[in-house]
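Worksheet for the structure shown next.
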Amino acid sequence: MANTAPTTEQPATGFLQSEGMRAFLKFLKDNGTLVALIALMFIFSLWDEAFFTPRNLTNLARQTTIVGIIAVGMTLVIIINGIDLSVGSIVGLAAIVVTLLMQSGVNIWAAILITLLLTGVLIGLWNALWIAHYNIPPFIITLGMMTIARGIALTLSDGGSVPVTDPVFGEIGGGFFSVMVSTIMVLLIFAYLLFSQYRDLKQKQQYGVTVKQQELITTGVVTLLAGAIVLYAFSYRGLPYPVAIFAVIAFIGSFTLQHTKFGRRIYAMGGNEEAARLSGISIKRMKIAIYCIITTLSALAGIMLASRLNGASPNLGNMFELDAISAVIIGGTSFSGGVGTIIGTVIGAFIISVLNNGMSLLEVPTFYQLIIKGGIIILAVWFDVLSKKKRG
Amino acid sequence: MGEVVLEMKNIIKDFPGVRALNDVNFEARSGELLALMGENGAGKSTLMKVLSGVWPYPSYQGDIYLRGELKRFYNTKEAEAAGIAIIYQELNLIPDLTVAENIFLDRQMTNAFGAINWGKLFAETQRLLDELNITDFKPTDKVKDLTVGKQQLVEIAKALSKKADVLVFDEPTSALTDKEVAALFEIIRKLKRQGVCMSYISHKMEELQQIADRVVVLRDGKTIGDVTPIAEITLDQLISRMVGRDVKDMFPKGQFQRGEKVLEVKNFDIDNPDLPGQKKVKNACFCAYKGEILGISGLMGSGRTELVSGIFGAPPGPAHGEIYLDDKLVRFRSPHAAIEHGIGLVTEDRKRIGLILGQSIIQNMMISSLETVTNVLGIINQAKERNLAQDYVKRLSIKTPGLDVKIDTLSGGNQQKVILAKWLNIKPKVLILDEPTRGIDVGAKVEIYNLLNKLVEEGVTVIIISSELPEVMGISDRILVMCEGEIVAELTREQATKELIMAYATGSQK
Ligand SMILES: Nc1ncnc2c1ncn2[C@@H]1O[C@H](COP(=O)(O)OP(=O)(O)OP(=O)(O)O)[C@@H](O)[C@H]1O
Ligand SMILES: [Mg+2]
């Protein structure tokens with residue numbers, strides 16, 4: 001902000017200075033990740049006609065859910081200046097634990113609950129104990145847990161994979177709402193989104209915040225566009241259950257961050273932990289909660305993955321921590337804390353899976369895929385640093 | 001006084017929603033110190049940032065002349081090259097680097113291979129510190145280990161090391177001890193003799209009478225009156241130029257009836273975590289009553305801040321002793337617990353531990369009392385929150401274009417008011433304020449005193465730490481004086497004199 005000259009002083013000259021164009025450029029600047037996502041999808045669609053088909057888009061959405069759910073939790077963790085590297089291993093461990101439990105005859109729902117508690121809440125508490133109580137850097141503690149959880153998964157499963165026979169379990173990660181039901185749900189959701197945008201605008205105006213008409217139109221158009229793509233995608237077989245679960249979790253996450261006490265405190269902690277503590281925020285309790293949330297979400301992701309694959313292997317979730325962190329950073333959450341949104345993270349997660357999906361379709365060798373993904377993460381972080389410099 | 005060195009003409013600077021400078025004109029001469037005064041948010045810092053290239057050409061309108069030559073700075077480097085150095089209001093040091101590295105940050109002394117010549121760096125810094133008579137810290141000390149006051153001195157040394165001939169001080173003394181201030185003034189006098197042109201922003205009137213040659217006042221982004229020699233203007237005239245009206249009583253004092261004992265501290269000790277066996281607070285015993293303002297005086301570093309942080313559940317080291325609130329023994333393990341019992345603490349170091357920089361005004365204002373605007377599920381009622389925040393903006397006359405702007409963009413004094421609002425909203429039983437008027441203009445100070453009076457009337461117990469003697473003496477009913485971690489005296493309003501307080505504070509009287 002510091003170095004940008006106010007544009008108001010220059011006389012409006014032609015197209016580039018017109019109101020509409022300016023609002024559009026501002027939108028591009030403020031929504032870089034969204035624009036990148038749209039551009040990527042556009043490029044892949046042109047490149048390979050198999051990309052923009054309902055079938056592939058449905059697949060893509062399903063692929064996004066696992067990392068996406070973890071990334072929602074990771075957003076909270078990174079906003080408070082933390083990190084959790086154990087998430088990928090927890091996915092593997094949870095998958096093994098839930099399948100083993102069912103194999104030994106435990107009822108599905110009981111198995112899921114026990115898995116969430118053991119591999120989610122319990123590990124979260126363990127991590128948080130060291131981080132919040134003994135002030136060990138989260139990087140170190142979760143790095144250790146990454147190896148430990150993987151080790152336990154390998155031990156429990158004897159290094160082999162565990163099959164699932166119960167068809168009901170497979171539904172969680174593999175089932176669909178019917179096309180009809182999905183269409184109605186999607187329509188309702190997007191109608192609500194449009195409505196809430198309108199309501200926010202009205203509220204803002206009431207508090208004297210000026211909102212440009214063009215901005216409103218742009219967000220409206222983007223929402224409609226997204227709605228159309230979603231409807232098109234789910235015309236294949238309907239809305240997949242895991243996508244619905246992801247959507248609900250992302251919504252709750254976003255709502256929590258924006259509209260609750262807990263969310264406000266998370267931002268405050270990330271912005272200035274000492275000031276937050278002196279403002280009466282119980283830092284320990286917050287950290288315990290947040291590190292439990294992320295491990296529980298990771299355990300849930302593991303269960304969903306086992307369900308989709310109808311079985312588990314101890315190596316599931318390998319390197320997921322990387323994808324989750326990338327999604328968060330690409331989505332605009334700052335590594336220096338205090339800044340970030342779930343909606344950004346969701347877009348970031350989609351960027352990663354569009355890349356994965358698109359590059360696989362184009363048969364880009366895995367080695368190159370890794371290089372390209374790494375490059376994009378560096379780019380995102382660089383962007384973050386750069387925009388911070390400008391502001392400072 | 002010499003020839004005109006610096007002229008700023010018709011300067012206009014806009015921020016989204018505010019015109020911070022509106023046609024400002026002034027000139028400054030060589031060998032003089034020109035005081036720049038005005039209320040919080042008047043535009044003083046902004047003006048100096050325009051001068052130093054922080055706000056580069058053409059983000060402002062108007063002209064800057066240096067020795068008659070029109071200058072346009074596109075960045076701070078260019079301004080520096082033209083001989084302009086600024087000591088900013090906000091500290092801009094890198095905590096993990098040494099004093100020497102910070103001072104020569106952008107001009108590291110390197111050898112032919114680009115490696116730093118540490119010997120030379122430290123020697124050069126030592127020479128500079130000697131010149132400034134600074135003995136409290138060494139070039140090799142890490143900045144993060146220094147107190148705010150000393151960090152301020154590092155900033156000053158850094159600016160002086162640039163050998164500028166236009167030097168700007170933006171509230172340099174707000175965190176300095178008297179001794180440090182005296183040393184700084186000595187330096188300033190020397191610079192005057194060398195013909196340096198200086199501009200000096202401060203809210204402390206006494207200081208200016210000591211050191212300033214001429215004064216110019218800003219109000220709402222405009223210069224009010226001409227540049228006036230300090231000898232030709234009275235304090236009252238100056239104040240009325242600043243606030244636009246006459247301020248009759250600098251220290252309004254409410255008359256209260258002292259009520260029951262609210263807070264009692266007994267045998268309170270805080271260990272020094274760095275020096276085993278030493279104590280930061282020694283055997284403190286005192287009471288605070290309903291219906292009174294209790295002042296705590298003492299030199300910086302005398303343990304005042306540690307004492308109140310200890311009571312608030314955030315002691316700098318292990319604390320022992322007893323605290324009674326309404327005759328009940330309490331033990332606060334964290335600020336969270338203290339706040340739940342109705343104790344609030346406005347901290348001293350605003351930027352580092354008071355504000356959540358980068359976040360909005362409303363966030364900063366509500367963070368300690370979100371319960372007041374949330375339902376049982378913890379969901380915030382936005383309309384209620386905004387109305388409440390808007391109320392405080394009005395009540396404390398906080399100057400801001402809106403509730404959603406980042407707190408960083410407010411002027412220092414207005415940031416402080418946001419923090420006050422935050423603590424008022426916890427509806428405190430005991431409100432402790434550590435140097436609450438530091439960096440706050442006269443008008444706002446009076447507003448704050450009035451506010452404190454009103455709080456006391458409403459039954460709040462107010463404890464205020466202040467280094468400014470007229471302030472503690474003017475508004476407190478009782479004054480505790482601290483010296484080296486001990487409470488050495490308790491004086492009534494009638495007993496207290498400047499001399500007596502200083503005698504106790506410096507340890508010359510026991
Ligand atoms: N970066 C910024 N963005 C937006 N507004 C700003 C910014 N910096 C300053 N302002 C606004 O400009 C006005 C002048 O601020 P400035 O910091 O110059 O005041 P000041 O006279 O130095 O006050 P104080 O005595 O409190 O330091 C204020 O209304 C402030 O909110
Ligand atoms: Mg200022």
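Residue numbering restarts at 1 in every chain; chains get A, B, ... in the order shown in the structure tokens, and ligands count up from 1 in that same order.
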Residues within 10 Å of ligand 2 should be enumerated using only C-alpha atoms and all ligand atoms and returned as a tab-separated table (two decimals) with N, CA, C and O atoms, in the first residue's frame.
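Here's the written file part27.tsv:
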chain	number	residue	atom	x	y	z
B	37	MET	N	3.86	20.95	16.37
B	37	MET	CA	2.91	20.49	17.39
B	37	MET	C	1.53	20.31	16.80
B	37	MET	O	1.23	20.82	15.73
B	38	GLY	N	0.70	19.60	17.51
B	38	GLY	CA	-0.67	19.41	17.05
B	38	GLY	C	-1.27	18.18	17.69
B	38	GLY	O	-0.57	17.34	18.24
B	39	GLU	N	-2.59	18.09	17.58
B	39	GLU	CA	-3.29	16.96	18.19
B	39	GLU	C	-2.92	15.65	17.52
B	39	GLU	O	-2.33	15.63	16.45
B	40	ASN	N	-3.34	14.57	18.13
B	40	ASN	CA	-3.16	13.26	17.51
B	40	ASN	C	-3.93	13.22	16.20
B	40	ASN	O	-5.09	13.62	16.15
B	41	GLY	N	-3.27	12.77	15.17
B	41	GLY	CA	-3.95	12.68	13.89
B	41	GLY	C	-3.96	13.98	13.12
B	41	GLY	O	-4.60	14.09	12.09
B	42	ALA	N	-3.23	14.99	13.63
B	42	ALA	CA	-3.22	16.28	12.94
B	42	ALA	C	-2.44	16.20	11.64
B	42	ALA	O	-2.62	17.01	10.75
B	43	GLY	N	-1.55	15.21	11.54
B	43	GLY	CA	-0.80	15.05	10.30
B	43	GLY	C	0.70	15.27	10.45
B	43	GLY	O	1.42	15.33	9.46
B	44	LYS	N	1.18	15.40	11.66
B	44	LYS	CA	2.60	15.69	11.90
B	44	LYS	C	3.50	14.60	11.32
B	44	LYS	O	4.41	14.89	10.54
B	45	SER	N	3.22	13.38	11.70
B	45	SER	CA	4.07	12.29	11.22
B	45	SER	C	3.97	12.15	9.70
B	45	SER	O	4.96	11.91	9.02
B	46	THR	N	2.76	12.33	9.20
B	46	THR	CA	2.57	12.22	7.76
B	46	THR	C	3.40	13.26	7.02
B	46	THR	O	4.04	12.96	6.01
B	47	LEU	N	3.41	14.48	7.55
B	47	LEU	CA	4.18	15.54	6.92
B	47	LEU	C	5.65	15.16	6.85
B	47	LEU	O	6.32	15.33	5.83
B	48	MET	N	6.15	14.62	7.93
B	48	MET	CA	7.56	14.25	7.96
B	48	MET	C	7.84	13.05	7.05
B	48	MET	O	8.93	12.90	6.53
B	49	LYS	N	6.84	12.21	6.89
B	49	LYS	CA	7.02	11.07	5.98
B	49	LYS	C	7.03	11.53	4.52
B	49	LYS	O	7.66	10.91	3.68
B	88	TYR	N	11.83	7.96	13.42
B	88	TYR	CA	10.39	7.76	13.34
B	88	TYR	C	9.79	7.52	14.71
B	88	TYR	O	10.46	7.06	15.63
B	89	GLN	N	8.50	7.82	14.75
B	89	GLN	CA	7.74	7.62	15.98
B	89	GLN	C	7.74	6.14	16.36
B	89	GLN	O	7.92	5.77	17.50
B	90	GLU	N	7.54	5.29	15.35
B	90	GLU	CA	7.55	3.86	15.61
B	90	GLU	C	8.98	3.38	15.44
B	90	GLU	O	9.66	3.75	14.50
B	170	ASP	N	10.59	12.48	15.54
B	170	ASP	CA	9.15	12.30	15.74
B	170	ASP	C	8.93	11.67	17.12
B	170	ASP	O	9.10	10.47	17.30
B	171	GLU	N	8.55	12.47	18.07
B	171	GLU	CA	8.35	12.04	19.46
B	171	GLU	C	9.47	11.15	19.97
B	171	GLU	O	9.25	10.01	20.36
B	201	ILE	N	8.93	16.81	16.76
B	201	ILE	CA	7.53	16.62	17.09
B	201	ILE	C	7.43	16.12	18.52
B	201	ILE	O	8.15	15.20	18.90
B	202	SER	N	6.58	16.73	19.30
B	202	SER	CA	6.41	16.25	20.66
B	202	SER	C	5.10	16.77	21.23
B	202	SER	O	4.58	17.78	20.80
B	203	HIS	N	4.59	16.01	22.19
B	203	HIS	CA	3.40	16.48	22.90
B	203	HIS	C	3.77	17.05	24.26
B	203	HIS	O	2.90	17.44	25.03
B	410	LEU	N	-3.94	4.40	12.05
B	410	LEU	CA	-4.33	5.49	12.95
B	410	LEU	C	-3.09	6.18	13.51
B	410	LEU	O	-2.03	5.57	13.62
B	411	SER	N	-3.25	7.42	13.89
B	411	SER	CA	-2.15	8.11	14.54
B	411	SER	C	-1.98	7.52	15.94
B	411	SER	O	-2.91	6.92	16.49
B	412	GLY	N	-0.79	7.70	16.50
B	412	GLY	CA	-0.46	7.06	17.78
B	412	GLY	C	-1.50	7.29	18.86
B	412	GLY	O	-1.91	6.37	19.56
B	413	GLY	N	-1.95	8.50	18.98
B	413	GLY	CA	-2.89	8.82	20.04
B	413	GLY	C	-4.23	8.13	19.85
B	413	GLY	O	-4.86	7.67	20.81
B	414	ASN	N	-4.63	8.03	18.61
B	414	ASN	CA	-5.91	7.37	18.35
B	414	ASN	C	-5.81	5.86	18.56
B	414	ASN	O	-6.78	5.23	18.99
B	439	GLY	N	2.58	9.95	24.38
B	439	GLY	CA	2.35	10.21	22.96
B	439	GLY	C	0.96	10.73	22.66
B	439	GLY	O	0.50	10.66	21.54
B	440	ILE	N	0.27	11.23	23.68
B	440	ILE	CA	-1.09	11.71	23.45
B	440	ILE	C	-1.14	13.22	23.60
B	440	ILE	O	-0.47	13.79	24.45
How close does chain B get to chain A? List, as a tab-separated table, each residue of chain B within 6 Å, its nearest atom pair and the distance in Å to one decimal, counting only C-alpha atoms.
residue	atom	partner	partner_atom	distance
B:Ser59	CA	A:Ala5	CA	4.6
B:Pro335	CA	A:Gly280	CA	5.1
B:His336	CA	A:Gly280	CA	3.8
B:Ile353	CA	A:Ala275	CA	4.3
B:Gly354	CA	A:Ala275	CA	5.2
B:Ile356	CA	A:Asn272	CA	5.4
B:Ser368	CA	A:Ser279	CA	5.1
B:Gly378	CA	A:Lys261	CA	5.3
B:Ile379	CA	A:Thr260	CA	4.3
B:Ile380	CA	A:Thr260	CA	5.3
Spatial neighbours of Asn356 (chain A), max dist 12 Å, only C-alpha atoms, sep filter under 5 positions, as a PyMOL selection string:
chain A and resi 40-41+44+51+59-61+63-64+323+349-351+361-366+368-373
Take the residues from that selection and write them out as a short mmCIF file (atom, residue, chain, number, x, y, z; two decimals), in the first residue's frame, keeping N, CA and C atoms.
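To be explicit, this is the file written out as out25.cif:
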data_model
loop_
_atom_site.label_atom_id
_atom_site.label_comp_id
_atom_site.auth_asym_id
_atom_site.auth_seq_id
_atom_site.Cartn_x
_atom_site.Cartn_y
_atom_site.Cartn_z
N LEU A 40 -6.10 -21.90 -15.05
CA LEU A 40 -5.59 -23.28 -15.14
C LEU A 40 -6.65 -24.20 -15.76
N MET A 41 -7.89 -24.07 -15.27
CA MET A 41 -8.95 -24.93 -15.78
C MET A 41 -9.17 -24.67 -17.26
N PHE A 44 -6.25 -26.27 -19.28
CA PHE A 44 -6.36 -27.73 -19.37
C PHE A 44 -7.53 -28.14 -20.26
N PHE A 51 -10.61 -33.21 -20.08
CA PHE A 51 -10.58 -32.49 -18.79
C PHE A 51 -11.94 -31.96 -18.40
N ASN A 59 -14.58 -36.43 -10.61
CA ASN A 59 -13.39 -37.08 -10.07
C ASN A 59 -12.48 -36.10 -9.37
N LEU A 60 -12.30 -34.96 -10.06
CA LEU A 60 -11.41 -33.92 -9.55
C LEU A 60 -11.91 -33.43 -8.19
N ALA A 61 -13.23 -33.23 -8.12
CA ALA A 61 -13.79 -32.76 -6.86
C ALA A 61 -13.55 -33.78 -5.76
N GLN A 63 -11.16 -35.96 -5.61
CA GLN A 63 -9.74 -35.98 -5.25
C GLN A 63 -9.39 -34.82 -4.32
N THR A 64 -10.08 -33.72 -4.53
CA THR A 64 -9.74 -32.54 -3.73
C THR A 64 -10.12 -32.70 -2.26
N ASP A 323 0.87 -31.15 0.38
CA ASP A 323 -0.25 -30.62 -0.41
C ASP A 323 -1.14 -29.71 0.43
N ALA A 349 -6.70 -25.56 -2.63
CA ALA A 349 -6.78 -27.02 -2.72
C ALA A 349 -7.22 -27.43 -4.12
N PHE A 350 -8.15 -26.67 -4.69
CA PHE A 350 -8.59 -27.00 -6.05
C PHE A 350 -7.46 -26.76 -7.06
N ILE A 351 -6.69 -25.71 -6.85
CA ILE A 351 -5.57 -25.47 -7.77
C ILE A 351 -4.64 -26.67 -7.77
N LEU A 361 -3.66 -36.26 -16.76
CA LEU A 361 -4.35 -36.44 -18.03
C LEU A 361 -3.39 -36.25 -19.20
N LEU A 362 -2.57 -35.23 -19.07
CA LEU A 362 -1.63 -34.93 -20.15
C LEU A 362 -0.42 -35.85 -20.11
N GLU A 363 -0.44 -36.76 -19.15
CA GLU A 363 0.64 -37.72 -19.00
C GLU A 363 2.00 -37.05 -18.82
N VAL A 364 2.00 -35.99 -18.03
CA VAL A 364 3.27 -35.40 -17.63
C VAL A 364 3.91 -36.38 -16.65
N PRO A 365 5.18 -36.74 -16.86
CA PRO A 365 5.81 -37.69 -15.95
C PRO A 365 5.80 -37.19 -14.51
N THR A 366 5.67 -38.10 -13.56
CA THR A 366 5.55 -37.73 -12.15
C THR A 366 6.68 -36.82 -11.69
N TYR A 368 8.31 -34.56 -13.29
CA TYR A 368 8.06 -33.17 -13.66
C TYR A 368 6.92 -32.59 -12.84
N GLN A 369 5.93 -33.44 -12.56
CA GLN A 369 4.79 -32.95 -11.76
C GLN A 369 5.28 -32.39 -10.43
N LEU A 370 6.20 -33.15 -9.82
CA LEU A 370 6.73 -32.70 -8.53
C LEU A 370 7.43 -31.36 -8.66
N ILE A 371 8.24 -31.26 -9.72
CA ILE A 371 9.00 -30.02 -9.91
C ILE A 371 8.04 -28.84 -10.11
N ILE A 372 7.04 -29.06 -10.94
CA ILE A 372 6.10 -27.96 -11.23
C ILE A 372 5.35 -27.55 -9.96
N LYS A 373 4.90 -28.54 -9.18
CA LYS A 373 4.17 -28.22 -7.96
C LYS A 373 5.04 -27.42 -6.98
#
Point-to-point distance in Å for CA of Phe169 (chain B) and CA of Ile134 (chain B):
18.0 Å
Point-to-point distance in Å for CA of His133 (chain A) and CA of Ile339 (chain B):
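Atom-to-atom, CA of Ile339 (chain B) and CA of His133 (chain A) are spaced 21.4 Å apart.
For Leu187 (chain A), the residues within 12 Å (counting only C-alpha atoms, excluding itself and residues fewer than 2 positions away along the chain) are Val179, Met180, Val181, Ser182, Thr183, Ile184, Met185, Ile189, Phe190, Ala191, Tyr192, Leu193, Leu194, Thr223, Leu224, Ala226, Gly227, Ala228, Ile229, Val230, Leu231, Tyr232 and Phe234 of chain A.
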I'd like the contact shell of Asn81 (chain A) - 7 Å cut-off, only C-alpha atoms, skipping same-chain residues fewer than 5 positions apart - returned as a PDB file with C-alpha atoms, in the first residue's frame.
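Here's the written file around-v3.pdb:
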ATOM      1  CA  GLY A 270      -1.644 -15.010  14.871  1.00  0.00           C
ATOM      2  CA  PHE A 335       3.279 -17.728   6.939  1.00  0.00           C
ATOM      3  CA  SER A 336       3.828 -14.812   9.277  1.00  0.00           C
ATOM      4  CA  GLY A 337       0.438 -15.377  10.849  1.00  0.00           C
TER       5      GLY A 337
END
Can you list, as a JSON list (two decimals) with N, CA, C and O atoms, in the first residue's frame, every protein, DNA or RNA residue that comes within 9 Å of Pro138 (chain A) when you count only C-alpha atoms, leaving out same-chain residues fewer than 2 positions away?
[["chain", "number", "residue", "atom", "x", "y", "z"],
["A", 82, "GLY", "N", 1.55, -21.57, 13.46],
["A", 82, "GLY", "CA", 2.00, -22.93, 13.73],
["A", 82, "GLY", "C", 2.19, -23.72, 12.45],
["A", 82, "GLY", "O", 2.16, -23.17, 11.34],
["A", 83, "ILE", "N", 2.39, -25.02, 12.62],
["A", 83, "ILE", "CA", 2.49, -25.92, 11.48],
["A", 83, "ILE", "C", 2.18, -27.31, 12.02],
["A", 83, "ILE", "O", 2.40, -27.58, 13.19],
["A", 84, "ASP", "N", 1.62, -28.16, 11.19],
["A", 84, "ASP", "CA", 1.45, -29.55, 11.60],
["A", 84, "ASP", "C", 1.90, -30.46, 10.47],
["A", 84, "ASP", "O", 1.27, -30.53, 9.42],
["A", 85, "LEU", "N", 3.03, -31.13, 10.68],
["A", 85, "LEU", "CA", 3.58, -31.99, 9.64],
["A", 85, "LEU", "C", 3.09, -33.43, 9.78],
["A", 85, "LEU", "O", 3.38, -34.26, 8.94],
["A", 127, "ASN", "N", 0.29, -33.71, 20.71],
["A", 127, "ASN", "CA", 1.03, -32.63, 20.05],
["A", 127, "ASN", "C", 0.90, -31.33, 20.84],
["A", 127, "ASN", "O", 1.87, -30.63, 21.10],
["A", 128, "ALA", "N", -0.36, -31.01, 21.22],
["A", 128, "ALA", "CA", -0.63, -29.73, 21.87],
["A", 128, "ALA", "C", 0.05, -29.66, 23.23],
["A", 128, "ALA", "O", 0.50, -28.59, 23.66],
["A", 130, "TRP", "N", 2.94, -30.75, 24.11],
["A", 130, "TRP", "CA", 4.32, -30.29, 23.93],
["A", 130, "TRP", "C", 4.38, -28.86, 23.43],
["A", 130, "TRP", "O", 5.19, -28.06, 23.86],
["A", 131, "ILE", "N", 3.49, -28.55, 22.49],
["A", 131, "ILE", "CA", 3.54, -27.22, 21.87],
["A", 131, "ILE", "C", 3.09, -26.15, 22.86],
["A", 131, "ILE", "O", 3.76, -25.13, 23.04],
["A", 132, "ALA", "N", 1.93, -26.39, 23.48],
["A", 132, "ALA", "CA", 1.35, -25.33, 24.31],
["A", 132, "ALA", "C", 1.95, -25.31, 25.70],
["A", 132, "ALA", "O", 2.18, -24.25, 26.27],
["A", 135, "ASN", "N", 6.16, -25.47, 25.26],
["A", 135, "ASN", "CA", 6.71, -24.50, 24.31],
["A", 135, "ASN", "C", 7.74, -25.07, 23.34],
["A", 135, "ASN", "O", 8.72, -24.41, 23.00],
["A", 136, "ILE", "N", 7.55, -26.32, 22.93],
["A", 136, "ILE", "CA", 8.43, -26.89, 21.90],
["A", 136, "ILE", "C", 7.90, -26.41, 20.55],
["A", 136, "ILE", "O", 6.70, -26.39, 20.34],
["A", 140, "ILE", "N", 9.03, -29.17, 15.21],
["A", 140, "ILE", "CA", 9.78, -30.31, 15.73],
["A", 140, "ILE", "C", 8.84, -31.42, 16.20],
["A", 140, "ILE", "O", 8.99, -32.58, 15.83],
["A", 141, "ILE", "N", 7.86, -31.01, 17.00],
["A", 141, "ILE", "CA", 6.97, -32.00, 17.61],
["A", 141, "ILE", "C", 6.18, -32.76, 16.55],
["A", 141, "ILE", "O", 6.07, -33.98, 16.57],
["A", 142, "THR", "N", 5.65, -32.02, 15.57],
["A", 142, "THR", "CA", 4.82, -32.70, 14.58],
["A", 142, "THR", "C", 5.69, -33.47, 13.58],
["A", 142, "THR", "O", 5.25, -34.45, 12.99],
["A", 143, "LEU", "N", 6.93, -33.04, 13.43],
["A", 143, "LEU", "CA", 7.85, -33.81, 12.59],
["A", 143, "LEU", "C", 8.08, -35.18, 13.23],
["A", 143, "LEU", "O", 8.06, -36.21, 12.57]]
Find the residue from B:Thr223, B:Ser369, B:Gln152, B:Asn283 that sits nearest to ligand 1; use only C-alpha atoms and all ligand atoms when measuring.
B:Thr223
